[in-house]
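Structure file input22.txt; described as compact mmCIF, C-alpha atoms.
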# COMPACT_ATOMS: atom_id res chain seq x y z
CA GLY G 595 21.52 -23.13 4.26
CA GLU G 596 19.29 -21.65 6.95
CA GLU G 597 18.94 -17.88 6.75
CA LEU G 598 19.12 -15.50 9.70
CA LEU G 599 17.93 -11.92 9.96
CA VAL G 600 19.99 -9.65 12.23
CA GLY G 601 18.61 -6.33 13.46
CA THR G 602 20.86 -3.28 13.72
CA SER G 603 20.75 0.12 15.41
CA THR G 604 19.59 1.68 12.12
CA ASN G 605 16.81 0.74 9.68
CA ILE G 606 18.95 -1.99 8.09
CA ILE G 607 18.35 -5.71 8.64
CA ASP G 608 21.33 -7.86 7.69
CA ARG G 609 20.82 -11.29 6.14
CA TYR G 610 23.13 -14.23 6.86
CA VAL G 611 23.20 -17.87 5.80
CA ILE G 612 24.55 -20.62 8.06
CA GLN G 613 27.23 -22.60 6.23
CA GLY G 614 28.70 -25.27 8.46
CA ASP G 615 30.13 -23.50 11.49
CA GLU G 616 30.19 -20.10 9.82
CA LEU G 617 27.80 -17.26 9.04
CA LYS G 618 27.95 -15.86 5.51
CA TYR G 619 26.59 -12.36 4.82
CA VAL G 620 24.26 -12.48 1.80
CA GLY G 621 22.69 -9.02 1.77
CA SER G 622 20.54 -6.58 3.69
CA VAL G 623 16.99 -5.27 3.80
CA ASN G 624 16.37 -1.53 3.98
CA VAL G 625 13.18 -1.05 6.01
CA PRO G 626 11.65 2.44 5.72
CA ASP G 627 10.66 4.67 8.64
CA ILE G 628 12.14 2.58 11.46
CA ASN G 629 15.21 2.87 13.65
CA CYS G 630 17.01 0.71 16.23
CA ILE G 631 15.59 -2.80 15.90
CA ASN G 632 14.95 -4.42 19.29
CA GLU G 633 13.45 -7.75 18.28
CA ILE G 634 12.61 -9.85 15.21
CA ASN G 635 10.15 -12.74 15.54
CA TYR G 636 8.96 -15.13 12.85
CA ASP G 637 5.44 -16.52 12.41
CA GLU G 638 5.53 -19.76 10.41
CA ARG G 639 1.78 -19.76 9.70
CA THR G 640 1.80 -16.45 7.84
CA LYS G 641 5.46 -16.60 6.73
CA THR G 642 5.98 -13.18 8.29
CA PHE G 643 8.70 -11.53 10.37
CA TYR G 644 7.45 -9.07 12.98
CA ILE G 645 9.87 -6.20 13.58
CA CYS G 646 10.01 -4.36 16.93
CA CYS G 647 11.84 -1.01 16.94
CA GLU G 648 12.42 2.04 19.08
CA ASN G 649 10.18 4.16 16.84
CA GLY G 650 7.59 1.69 15.57
CA PHE G 651 6.78 -1.84 14.53
CA GLY G 652 5.56 -3.75 11.52
CA ALA G 653 5.47 -6.91 9.41
CA LEU G 654 8.09 -8.07 6.93
CA LYS G 655 7.06 -10.79 4.47
CA ALA G 656 9.52 -13.64 4.06
CA LYS G 657 11.10 -14.04 0.60
CA THR G 658 9.67 -10.76 -0.80
CA TYR G 659 10.78 -8.66 2.21
CA LYS G 660 7.83 -6.32 1.67
CA TYR G 661 7.34 -4.24 4.82
CA THR G 662 4.02 -3.06 6.26
CA ASN G 663 4.11 -0.41 8.99
CA MET G 664 1.69 -1.39 11.78
CA SER G 665 2.39 1.52 14.14
CA THR G 666 -0.37 3.80 15.37
CA GLU G 667 -0.18 7.41 16.51
CA ASP G 668 -0.48 6.48 20.17
CA PHE G 669 1.55 3.26 20.06
CA GLN G 670 4.85 3.64 18.25
CA ASN G 671 7.69 4.01 20.75
CA ALA G 672 10.01 1.59 22.57
CA ILE G 673 8.53 -1.59 21.07
CA SER G 674 10.36 -4.38 22.86
CA ASP G 675 8.77 -7.71 21.88
CA ASN G 676 5.89 -9.48 20.16
CA PHE G 677 4.24 -12.86 19.74
CA VAL G 678 1.39 -14.48 17.81
CA ASP G 679 -1.11 -16.48 19.88
CA ASP G 680 -3.01 -19.67 18.98
CA GLN G 681 -5.91 -17.68 17.49
CA GLY G 682 -3.59 -15.74 15.18
CA ASN G 683 -3.79 -12.52 17.20
CA ILE G 684 -0.60 -10.45 17.03
CA TRP G 685 0.63 -8.86 20.26
CA PHE G 686 3.25 -6.14 20.65
CA ALA G 687 4.79 -4.92 23.91
CA SER G 688 6.14 -1.44 24.61
CA SER G 689 8.02 -0.20 27.65
CA LYS G 690 6.14 3.11 27.29
CA HIS G 691 2.65 2.14 26.11
CA GLY G 692 2.00 -1.34 27.48
CA LEU G 693 0.37 -3.87 25.13
CA ILE G 694 -1.46 -3.70 21.82
CA LYS G 695 -3.27 -6.58 20.08
CA TYR G 696 -4.08 -6.95 16.39
CA CYS G 697 -6.84 -9.38 15.39
CA GLU G 698 -7.36 -11.01 12.01
CA THR G 699 -10.03 -9.30 9.94
CA PRO G 700 -11.45 -9.67 6.42
CA PHE G 701 -10.87 -5.95 5.95
CA GLU G 702 -7.65 -4.45 4.62
CA ASN G 703 -6.20 -0.95 4.79
CA ILE G 704 -5.22 -0.45 1.14
CA ASN G 705 -3.42 2.82 1.86
CA ARG G 706 -1.21 1.22 4.47
CA LYS G 707 -0.56 -1.92 2.43
CA SER G 708 0.28 -0.11 -0.80
CA GLY G 709 2.02 2.91 0.71
CA ILE G 710 -0.42 5.35 -0.89
CA PRO G 711 -0.71 8.61 1.10
CA ALA G 712 -3.93 8.83 3.09
CA ASP G 713 -5.41 11.54 0.87
CA VAL G 714 -9.09 12.21 0.34
CA SER G 715 -10.47 9.35 -1.81
CA ASN G 716 -13.53 10.22 -3.89
CA ALA G 717 -14.00 7.33 -6.29
CA LEU G 718 -13.26 3.61 -6.69
CA LEU G 719 -13.36 1.39 -9.76
CA LYS G 720 -12.27 -2.25 -9.98
CA VAL G 721 -11.02 -3.23 -13.42
CA GLY G 722 -9.85 -6.83 -13.62
CA ASN G 723 -7.39 -7.29 -10.77
CA TYR G 724 -6.68 -3.58 -10.40
CA MET G 725 -8.30 -0.97 -8.20
CA TYR G 726 -8.47 2.56 -9.61
CA ILE G 727 -8.66 5.17 -6.85
CA GLY G 728 -9.63 8.77 -7.58
CA THR G 729 -8.30 11.23 -5.00
CA ASP G 730 -8.03 14.98 -4.55
CA ASN G 731 -4.48 14.71 -5.84
CA GLY G 732 -4.81 12.40 -8.82
CA LEU G 733 -5.28 8.78 -9.80
CA GLU G 734 -3.75 5.79 -8.02
CA ILE G 735 -3.81 2.25 -9.40
CA VAL G 736 -3.29 -0.71 -7.05
CA ASP G 737 -2.57 -4.30 -8.07
CA LEU G 738 -4.93 -6.23 -5.77
CA SER G 739 -2.91 -9.44 -6.06
CA THR G 740 0.22 -7.84 -4.59
CA GLY G 741 -1.10 -4.73 -2.86
CA SER G 742 1.49 -2.64 -4.67
CA VAL G 743 0.98 0.62 -6.56
CA VAL G 744 1.18 0.35 -10.32
CA LYS G 745 3.27 3.17 -11.75
CA GLU G 746 1.72 4.03 -15.08
CA ASP G 747 1.58 7.04 -17.39
CA LEU G 748 -2.03 7.39 -16.26
CA SER G 749 -0.91 8.35 -12.77
CA ASN G 750 1.26 11.12 -14.24
CA GLU G 751 -1.57 12.23 -16.54
CA PHE G 752 -3.78 13.10 -13.55
CA ALA G 753 -1.11 14.25 -11.09
CA GLY G 754 -2.49 16.98 -8.83
CA ILE G 755 -5.99 16.76 -10.35
CA ARG G 756 -9.10 16.21 -8.21
CA ILE G 757 -10.99 13.16 -9.47
CA ARG G 758 -14.65 12.99 -8.48
CA ASN G 759 -15.92 9.87 -10.26
CA LEU G 760 -14.73 6.77 -12.17
CA MET G 761 -16.95 4.73 -14.50
CA GLN G 762 -16.33 1.86 -16.92
CA ASP G 763 -18.67 1.59 -19.88
CA SER G 764 -19.86 -1.52 -21.73
CA LYS G 765 -16.94 -1.28 -24.17
CA GLY G 766 -14.35 -1.33 -21.40
CA ASN G 767 -13.50 2.36 -21.62
CA ILE G 768 -12.85 4.14 -18.32
CA TRP G 769 -14.42 7.57 -17.85
CA VAL G 770 -12.76 9.93 -15.37
CA SER G 771 -14.71 12.92 -14.09
CA SER G 772 -12.23 15.52 -12.92
CA TYR G 773 -12.54 18.89 -11.26
CA GLY G 774 -10.04 20.88 -13.28
CA GLU G 775 -8.34 21.31 -16.63
CA PRO G 776 -8.79 17.77 -18.05
CA GLY G 777 -12.57 17.87 -17.57
CA LEU G 778 -14.21 14.58 -18.57
CA VAL G 779 -11.59 12.08 -19.71
CA CYS G 780 -12.09 8.81 -21.58
CA ILE G 781 -9.35 6.20 -21.24
CA GLU G 782 -10.04 3.84 -24.10
CA LYS G 783 -9.44 0.12 -23.81
CA ASN G 784 -6.43 0.47 -26.13
CA GLY G 785 -4.87 3.07 -23.84
CA MET G 786 -5.72 6.14 -25.91
CA ILE G 787 -6.89 9.18 -23.94
CA LYS G 788 -9.59 11.63 -25.06
CA LYS G 789 -10.47 14.79 -23.13
CA TYR G 790 -13.81 16.58 -23.18
CA ASN G 791 -13.50 20.06 -21.65
CA ASP G 792 -14.14 23.73 -22.41
CA GLU G 793 -11.84 23.51 -25.41
CA ASP G 794 -14.67 21.48 -26.95
CA GLU G 795 -17.62 23.74 -27.86
CA SER G 796 -20.10 20.98 -27.00
CA VAL G 797 -18.89 20.78 -23.38
CA ILE G 798 -19.73 23.37 -20.74
CA GLY G 799 -16.83 23.83 -18.33
CA ASN G 800 -14.17 21.56 -16.85
CA ARG G 801 -15.74 20.69 -13.51
CA CYS G 802 -17.25 17.23 -13.93
CA ARG G 803 -18.80 15.40 -10.97
CA SER G 804 -19.93 12.11 -12.50
CA SER G 805 -20.78 10.22 -15.68
CA ILE G 806 -23.07 7.32 -16.53
CA GLU G 807 -23.66 5.25 -19.64
CA LEU G 808 -27.21 5.47 -21.03
CA SER G 809 -27.01 3.36 -24.15

So, in terms of structure tokens, how does the structure I just supplied come out?
Amino acid sequence: GEELLVGTSTNIIDRYVIQGDELKYVGSVNVPDINCINEINYDERTKTFYICCENGFGALKAKTYKYTNMSTEDFQNAISDNFVDDQGNIWFASSKHGLIKYCETPFENINRKSGIPADVSNALLKVGNYMYIGTDNGLEIVDLSTGSVVKEDLSNEFAGIRIRNLMQDSKGNIWVSSYGEPGLVCIEKNGMIKKYNDEDESVIGNRCRSSIELS
């Protein structure tokens, strides 16, 4: 039957299905970082629920229930309502801040979409449908088809390490220039990892800024 979303005074959205003259509870959605849901509106064109809360607002995708926080520093309190106009612009109303309008754009905030912390990003490398992001705190890998972070052993391998450059050679190996203990790291196409640092007599130091393939 037809499904309904019901906002609560917490960060939980309850899901119900209409069966005849009755409502049947079928589950709930735990939405992070929000509280006290004032309004839920659905946009058929984008298959998206827009959530208005006392401490923020955002978009909840139908079926997947993936939530994207749309709040800004100066517009995040007492969000009372929203609507999508004929041009696809998204409007939100606040009893404290007035109105804010979001317009469609070809640009995307990958940090916001994937949930990656807004750390310093030093390097980007697209490999297939994945974006490798080198930051001051390690390596993040984002699946561009879903916008979600890929949790791999690679992320753990570089945890807390400053990555200055990413390069893929003609054989498909990925070279990571790091500023710290790992030094220059080669991630081979088969997943094997080789490190070139001051433990290797042919390498001077661990602080690598960049690499490039010459032949």

Subject >> Two-atom distance - CA of Asn759 (chain G), CA of Asn723 (chain G) (Å) >> reply: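 A separation of 19.2 Å between them.
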
**OP:** In Å, rounded to a single decimal, give me how far CA of Phe686 (chain G) is from CA of Pro711 (chain G).
**Re:**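 These two atoms are separated by 24.8 Å.
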
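The shortest atom-to-atom distance to Ile628 (chain G), with all atoms listed in the file taken into account, belongs to G:Cys646 out of G:Ala687, G:Val779, G:Cys646, G:Val611.
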
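For the atom pair formed by CA of Ser715 (chain G) and CA of Ile735 (chain G), the distance is 12.3 Å, given to one decimal.
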
Original post:
Smallest atom-to-atom distance to Leu654 (chain G): which of G:Trp769, G:Tyr636, G:Tyr790, G:Tyr724, using all atoms listed in the file?
Top reply: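 With all atoms listed in the file as the atom set, the closest residue is G:Tyr636.
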
Neighbours of Cys697 (chain G) within 12 Å (only C-alpha atoms; same-chain residues fewer than 5 positions away dropped), as a CSV table (one decimal) with C-alpha atoms, in the frame of the given file?
chain,number,residue,atom,x,y,z
G,678,VAL,CA,1.4,-14.5,17.8
G,679,ASP,CA,-1.1,-16.5,19.9
G,680,ASP,CA,-3.0,-19.7,19.0
G,681,GLN,CA,-5.9,-17.7,17.5
G,682,GLY,CA,-3.6,-15.7,15.2
G,683,ASN,CA,-3.8,-12.5,17.2
G,684,ILE,CA,-0.6,-10.4,17.0
G,685,TRP,CA,0.6,-8.9,20.3
G,686,PHE,CA,3.2,-6.1,20.6
G,702,GLU,CA,-7.6,-4.4,4.6

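You can rank G:Ile607, G:Met664, G:Leu748, G:Ala753 by their closest distance to Asp730 (chain G) using only C-alpha atoms, and at the top of that list sits G:Ala753.
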
Subject >> Counting only C-alpha atoms, the option among G:Gly785, G:Gly741, G:Gly722, G:Gly601 closest to Glu648 (chain G) >> reply: G:Gly601

Original post:
Got a sec to check which residues sit within 10 Å of (12.8, 1.8, 8.2), counting only C-alpha atoms, and write them as a list of chain:residue names?
Top reply: G:Thr604, G:Asn605, G:Ile606, G:Ile607, G:Val623, G:Asn624, G:Val625, G:Pro626, G:Asp627, G:Ile628, G:Asn629, G:Cys630, G:Ile631, G:Cys647, G:Asn649, G:Gly650, G:Phe651, G:Gly652, G:Tyr661, G:Asn663

Quick one: write out the picked residues with C-alpha atoms as an mmCIF file, in the frame of the given file?
data_model
loop_
_atom_site.group_PDB
_atom_site.id
_atom_site.type_symbol
_atom_site.label_atom_id
_atom_site.label_comp_id
_atom_site.auth_asym_id
_atom_site.auth_seq_id
_atom_site.Cartn_x
_atom_site.Cartn_y
_atom_site.Cartn_z
ATOM 1 C CA THR G 604 19.590 1.680 12.120
ATOM 2 C CA ASN G 605 16.810 0.740 9.680
ATOM 3 C CA ILE G 606 18.950 -1.990 8.090
ATOM 4 C CA ILE G 607 18.350 -5.710 8.640
ATOM 5 C CA VAL G 623 16.990 -5.270 3.800
ATOM 6 C CA ASN G 624 16.370 -1.530 3.980
ATOM 7 C CA VAL G 625 13.180 -1.050 6.010
ATOM 8 C CA PRO G 626 11.650 2.440 5.720
ATOM 9 C CA ASP G 627 10.660 4.670 8.640
ATOM 10 C CA ILE G 628 12.140 2.580 11.460
ATOM 11 C CA ASN G 629 15.210 2.870 13.650
ATOM 12 C CA CYS G 630 17.010 0.710 16.230
ATOM 13 C CA ILE G 631 15.590 -2.800 15.900
ATOM 14 C CA CYS G 647 11.840 -1.010 16.940
ATOM 15 C CA ASN G 649 10.180 4.160 16.840
ATOM 16 C CA GLY G 650 7.590 1.690 15.570
ATOM 17 C CA PHE G 651 6.780 -1.840 14.530
ATOM 18 C CA GLY G 652 5.560 -3.750 11.520
ATOM 19 C CA TYR G 661 7.340 -4.240 4.820
ATOM 20 C CA ASN G 663 4.110 -0.410 8.990
#

Subject >> Top pick for closest residue to Gly728 (chain G), considering G:Tyr696, G:Tyr659, G:Tyr773, G:Phe643 and counting only C-alpha atoms >> reply: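 Between G:Tyr696, G:Tyr659, G:Tyr773, G:Phe643, the residue approaching Gly728 (chain G) most closely is G:Tyr773.
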
Quick one: residues within 9 Å of Ile727 (chain G), all atoms listed in the file, excluding same-chain residues fewer than 5 positions away - as a CSV table (one decimal) with C-alpha atoms, in the frame of the given file?
chain,number,residue,atom,x,y,z
G,715,SER,CA,-10.5,9.4,-1.8
G,716,ASN,CA,-13.5,10.2,-3.9
G,717,ALA,CA,-14.0,7.3,-6.3
G,718,LEU,CA,-13.3,3.6,-6.7
G,719,LEU,CA,-13.4,1.4,-9.8
G,720,LYS,CA,-12.3,-2.2,-10.0
G,732,GLY,CA,-4.8,12.4,-8.8
G,733,LEU,CA,-5.3,8.8,-9.8
G,734,GLU,CA,-3.8,5.8,-8.0
G,735,ILE,CA,-3.8,2.2,-9.4
G,736,VAL,CA,-3.3,-0.7,-7.0
G,757,ILE,CA,-11.0,13.2,-9.5
G,760,LEU,CA,-14.7,6.8,-12.2

As an mmCIF file, keeping the file's coordinate frame, please: region 694-712 of chain G completed to N, CA and C atoms.
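result.cif written:
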data_model
loop_
_atom_site.group_PDB
_atom_site.id
_atom_site.type_symbol
_atom_site.label_atom_id
_atom_site.label_comp_id
_atom_site.auth_asym_id
_atom_site.auth_seq_id
_atom_site.Cartn_x
_atom_site.Cartn_y
_atom_site.Cartn_z
ATOM 1 N N ILE G 694 -0.470 -3.912 22.862
ATOM 2 C CA ILE G 694 -1.460 -3.700 21.820
ATOM 3 C C ILE G 694 -1.676 -5.028 21.116
ATOM 4 N N LYS G 695 -2.939 -5.315 20.746
ATOM 5 C CA LYS G 695 -3.270 -6.580 20.080
ATOM 6 C C LYS G 695 -3.937 -6.301 18.741
ATOM 7 N N TYR G 696 -3.462 -7.014 17.713
ATOM 8 C CA TYR G 696 -4.080 -6.950 16.390
ATOM 9 C C TYR G 696 -4.807 -8.274 16.135
ATOM 10 N N CYS G 697 -6.051 -8.181 15.678
ATOM 11 C CA CYS G 697 -6.840 -9.380 15.390
ATOM 12 C C CYS G 697 -7.017 -9.522 13.879
ATOM 13 N N GLU G 698 -7.122 -10.768 13.429
ATOM 14 C CA GLU G 698 -7.360 -11.010 12.010
ATOM 15 C C GLU G 698 -8.728 -10.462 11.622
ATOM 16 N N THR G 699 -8.799 -9.902 10.434
ATOM 17 C CA THR G 699 -10.030 -9.300 9.940
ATOM 18 C C THR G 699 -10.104 -9.480 8.436
ATOM 19 N N PRO G 700 -11.326 -9.584 7.879
ATOM 20 C CA PRO G 700 -11.450 -9.670 6.420
ATOM 21 C C PRO G 700 -11.195 -8.347 5.729
ATOM 22 N N PHE G 701 -11.070 -7.269 6.526
ATOM 23 C CA PHE G 701 -10.870 -5.950 5.950
ATOM 24 C C PHE G 701 -9.376 -5.627 5.857
ATOM 25 N N GLU G 702 -9.037 -4.811 4.858
ATOM 26 C CA GLU G 702 -7.650 -4.450 4.620
ATOM 27 C C GLU G 702 -7.533 -2.959 4.445
ATOM 28 N N ASN G 703 -6.481 -2.364 5.005
ATOM 29 C CA ASN G 703 -6.200 -0.950 4.790
ATOM 30 C C ASN G 703 -5.325 -0.839 3.538
ATOM 31 N N ILE G 704 -5.947 -0.495 2.416
ATOM 32 C CA ILE G 704 -5.220 -0.450 1.140
ATOM 33 C C ILE G 704 -4.142 0.624 1.165
ATOM 34 N N ASN G 705 -4.433 1.759 1.785
ATOM 35 C CA ASN G 705 -3.420 2.820 1.860
ATOM 36 C C ASN G 705 -2.169 2.336 2.557
ATOM 37 N N ARG G 706 -2.366 1.679 3.699
ATOM 38 C CA ARG G 706 -1.210 1.220 4.470
ATOM 39 C C ARG G 706 -0.460 0.120 3.728
ATOM 40 N N LYS G 707 -1.200 -0.800 3.120
ATOM 41 C CA LYS G 707 -0.560 -1.920 2.430
ATOM 42 C C LYS G 707 0.220 -1.475 1.204
ATOM 43 N N SER G 708 -0.345 -0.533 0.448
ATOM 44 C CA SER G 708 0.280 -0.110 -0.800
ATOM 45 C C SER G 708 1.263 1.038 -0.634
ATOM 46 N N GLY G 709 1.146 1.752 0.505
ATOM 47 C CA GLY G 709 2.020 2.910 0.710
ATOM 48 C C GLY G 709 1.462 4.179 0.115
ATOM 49 N N ILE G 710 0.209 4.149 -0.345
ATOM 50 C CA ILE G 710 -0.420 5.350 -0.890
ATOM 51 C C ILE G 710 -0.696 6.333 0.243
ATOM 52 N N PRO G 711 -0.394 7.631 0.057
ATOM 53 C CA PRO G 711 -0.710 8.610 1.100
ATOM 54 C C PRO G 711 -2.202 8.613 1.418
ATOM 55 N N ALA G 712 -2.529 8.855 2.659
ATOM 56 C CA ALA G 712 -3.930 8.830 3.090
ATOM 57 C C ALA G 712 -4.638 10.118 2.700
#
